[in-house]
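For reference, the structure discussed in these notes is given below.
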2 protein chains.
Amino acid sequence: MNILLVEDELNLARAVKKILEQQGYYVDAVHDGLSAIDYAKGMEYQLIILDVMLPKLDGFEVLRILRKDGLNVPILMLTARSAVADKVTGLNSGADDYLTKPFDTEELLARVGALTRRRGEVIVEELKYEDLSLSVQSAVLSCGGESVQLSHKEFELLKCFLYNPTMTLTKETLILRAWGADSEATDNNVEVYISFLRKKLRYLRSRVAIRNIQKLGYRLEVEPC
Amino acid sequence: MNILLVEDELNLARAVKKILEQQGYYVDAVHDGLSAIDYAKGMEYQLIILDVMLPKLDGFEVLRILRKDGLNVPILMLTARSAVADKVTGLNSGADDYLTKPFDTEELLARVGALTRRRGEVIVEELKYEDLSLSVQSAVLSCGGESVQLSHKEFELLKCFLYNPTMTLTKETLILRAWGADSEATDNNVEVYISFLRKKLRYLRSRVAIRNIQKLGYRLEVEPC
DNA sequence: AAAGTTTTTAAGACTTTTTTCAGCCGTAGC
DNA sequence: GCTACGGCTGAAAAAAGTCTTAAAAACTTT
């Protein structure tokens with residue numbers, strides 16, 4: 001179970017790292033926002049613990065960038081300020097929980113436990129939107145009684161949409177997320193896969209469709225009944 | 001939030017512009033020092049991103065002239081050279097920050113964020129004016145309960161108005177902004193698109209209208225209730 | 001190594017956006 | 001009231017962007 005800890009106060013970072021490691025977690029600790037993003041994108045974490053006050057790029061920025069990129073790792077925000085405003089900002093930007101400093105060991109462990117258990121190996125996570133449900137584990141997409149198996153690329157692509165169901169995603173963004181930064185995939189690759197996905201959505205008779213807005217990108221759209 | 005991007009490498013300029021626009025900034029890109037000065041003086045920007053190596057007038061010159069003129073917009077200098085000497089020259093002439101090429105997206109956004117936030121404004125995802133609201137993300141224009149999808153050009157054009165809702169914009173300016181500097185668009189192109197936009201505003205029953213002032217240009221106007 | 005699957009490439013059909021054009025309308029100046 | 005110029009708008013033509021399909025290439029599995 002991997003945790004990314006982003007905290008610039010070195011003493012606190014060291015202490016938290018130690019506590020978590022004692023519980024059997026594998027912990028990477030970084031101390032600024034930019035590194036946080038590098039790490040978060042470079043490897044799979046099951047939880048990110050994110051301080052708000054950070055050099056280079058603050059916690060909210062990091063959060064926003066990661067979510068915008070389609071990463072849905074649980075994120076636990078940490079802050080010295082106990083202001084409610086911060087809490088709201090954090091949760092709105094897609095944080096999963098919020099812990100104010102100072103906190104004690106038990107409390108931290110409780111929160112970490114709650115967030116990591118949530119995606120425990122046994123529980124199947126389902127990404128849902130309208131009548132669709134995508135099993136993150138098996139890449140099976142269901143709607144009503146029917147279901148189909150998605151291929152890996154179809155799965156990656158559809159996840160981008162299901163993570164931010166109201167966003168319009170450019171082909172560029174989709175290439176980045178589904179093919180990776182240094183791929184040579186072209187717009188046509190995206191088009192082909194969108195076509196594959198549409199065929200499956202049609203087969204499932206879902207009310208959700210993928211709509212194209214020329215030059216801008218794709219977005220989910222729900223057909224009226 | 002308006003940004004002026006001064007960069008002569010067209011590919012880089014295009015890429016950066018796109019990145020910033022995706023974040024919801026409004027970006028004008030110019031490719032030489034003289035135009036940079038024209039633009040900087042002609043409209044309000046909250047940030048200028050300035051390449052050092054430029055045709056006609058180099059970045060330092062531009063910087064010096066603008067500062068001498070009393071412009072105190074934050075300026076982010078960009079350069080291929082990583083020489084410390086440049087950095088010192090830049091900061092001494094009044095640059096606010098300094099980024100060496102090549103840089104990655106995150107780093108650029110972090111710096112831009114830092115410099116634009118400094119003046120307390122938050123990035124707008126929705127451009128609002130009177131009863132209108134335009135989503136910068138999806139190019140959807142709404143008013144009351146209704147909304148319509150704008151095409152790319154309609155979107156570019158309407159943004160010009162919503163960014164400076166009190167200005168009268170000449171056709172020339174609009175061509176520059178929506179079609180780009182080296183396009184062959186005629187006045188009639190603008191007229192046609194204004195007509196498209198008006199049709200959509202009418203459909204939305206907005207109180208905002210686009211008014212023409214002969215020989216001068218177009219301006220937003222709010223109908224009395 | 002064969003069979004099956006997934007991914008990439010490519011080409012033509014199709015759709016939407018953009019441009020062009022022509023005729024009409026309205027205001028300003030006579 | 002007439003003329004001239006700038007502006008408006010609908011429709012057709014052109015261009016750009018997207019969709020779909022089929023076949024080739026790259027992997028996987030057996």
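Ligands are numbered from 1 in the order shown, residues from 1 within each chain, and chains are lettered A, B, ... in the order they appear in the structure tokens.
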
Which residues of chain B come within 12 Å of chain C, and for each one, what is the closest pair of atoms and their distance in Å to one decimal, counting only C-alpha atoms (C1' of nucleotides), sorted by chain and residue number, as a Markdown table?
| residue | atom | partner | partner_atom | distance |
| --- | --- | --- | --- | --- |
| B:Leu150 | CA | C:DT17 | C1' | 10.8 |
| B:Ser151 | CA | C:DT17 | C1' | 7.4 |
| B:His152 | CA | C:DT17 | C1' | 8.5 |
| B:Lys153 | CA | C:DT18 | C1' | 8.7 |
| B:Glu154 | CA | C:DT17 | C1' | 10.3 |
| B:Trp179 | CA | C:DT18 | C1' | 11.2 |
| B:Glu184 | CA | C:DT19 | C1' | 10.6 |
| B:Ala185 | CA | C:DT19 | C1' | 8.8 |
| B:Thr186 | CA | C:DT19 | C1' | 9.8 |
| B:Asp187 | CA | C:DT19 | C1' | 11.9 |
| B:Asn188 | CA | C:DT20 | C1' | 9.3 |
| B:Asn189 | CA | C:DT19 | C1' | 7.4 |
| B:Val190 | CA | C:DT19 | C1' | 10.9 |
| B:Glu191 | CA | C:DT19 | C1' | 11.9 |
| B:Val192 | CA | C:DT19 | C1' | 9.6 |
| B:Tyr193 | CA | C:DT18 | C1' | 9.6 |
| B:Phe196 | CA | C:DT18 | C1' | 11.8 |
| B:Ile213 | CA | C:DT27 | C1' | 11.1 |
| B:Gln214 | CA | C:DT27 | C1' | 9.3 |

Each residue of chain A with at least one atom at most 10 Å from chain B should appear once, together with its nearest atom pair and the corresponding distance in Å (one decimal); atoms considered: only C-alpha atoms; ordering: chain, then increasing residue number; output as JSON lines.
{"residue": "A:Gly33", "atom": "CA", "partner": "B:Ala110", "partner_atom": "CA", "distance": 9.1}
{"residue": "A:Leu34", "atom": "CA", "partner": "B:Glu107", "partner_atom": "CA", "distance": 7.3}
{"residue": "A:Ile37", "atom": "CA", "partner": "B:Glu106", "partner_atom": "CA", "distance": 8.2}
{"residue": "A:Asp38", "atom": "CA", "partner": "B:Glu106", "partner_atom": "CA", "distance": 9.2}
{"residue": "A:Lys56", "atom": "CA", "partner": "B:Ala110", "partner_atom": "CA", "distance": 7.0}
{"residue": "A:Leu57", "atom": "CA", "partner": "B:Ala110", "partner_atom": "CA", "distance": 5.9}
{"residue": "A:Asp58", "atom": "CA", "partner": "B:Ala110", "partner_atom": "CA", "distance": 9.0}
{"residue": "A:Glu61", "atom": "CA", "partner": "B:Ala110", "partner_atom": "CA", "distance": 8.2}
{"residue": "A:Val62", "atom": "CA", "partner": "B:Ala110", "partner_atom": "CA", "distance": 9.4}
{"residue": "A:Ile65", "atom": "CA", "partner": "B:Glu106", "partner_atom": "CA", "distance": 8.5}
{"residue": "A:Thr166", "atom": "CA", "partner": "B:Ser138", "partner_atom": "CA", "distance": 9.1}
{"residue": "A:Met167", "atom": "CA", "partner": "B:Ser138", "partner_atom": "CA", "distance": 7.1}
{"residue": "A:Thr168", "atom": "CA", "partner": "B:Ser138", "partner_atom": "CA", "distance": 5.5}
{"residue": "A:Leu169", "atom": "CA", "partner": "B:Ser138", "partner_atom": "CA", "distance": 8.6}
{"residue": "A:Thr170", "atom": "CA", "partner": "B:Gln22", "partner_atom": "CA", "distance": 9.3}
{"residue": "A:Ile213", "atom": "CA", "partner": "B:Ser151", "partner_atom": "CA", "distance": 7.7}
{"residue": "A:Gln214", "atom": "CA", "partner": "B:Ser151", "partner_atom": "CA", "distance": 7.3}
{"residue": "A:Lys215", "atom": "CA", "partner": "B:His152", "partner_atom": "CA", "distance": 6.6}
{"residue": "A:Leu216", "atom": "CA", "partner": "B:His152", "partner_atom": "CA", "distance": 7.3}
{"residue": "A:Gly217", "atom": "CA", "partner": "B:Ser138", "partner_atom": "CA", "distance": 8.5}
{"residue": "A:Tyr218", "atom": "CA", "partner": "B:Ser138", "partner_atom": "CA", "distance": 9.3}
{"residue": "A:Arg219", "atom": "CA", "partner": "B:Ser138", "partner_atom": "CA", "distance": 8.7}

Write out as a CSV table (one decimal) with C-alpha atoms (C1' of nucleotides), in the first residue's frame every residue belonging to chain D that has an atom at most 9 Å from any atom of chain A, counting only C-alpha atoms (C1' of nucleotides).
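Output file out_26.csv follows:
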chain,number,residue,atom,x,y,z
D,17,DG,C1',-12.8,18.4,-38.9
D,18,DT,C1',-14.7,14.0,-37.5
D,19,DC,C1',-16.7,9.2,-38.1
D,20,DT,C1',-16.5,4.6,-39.6
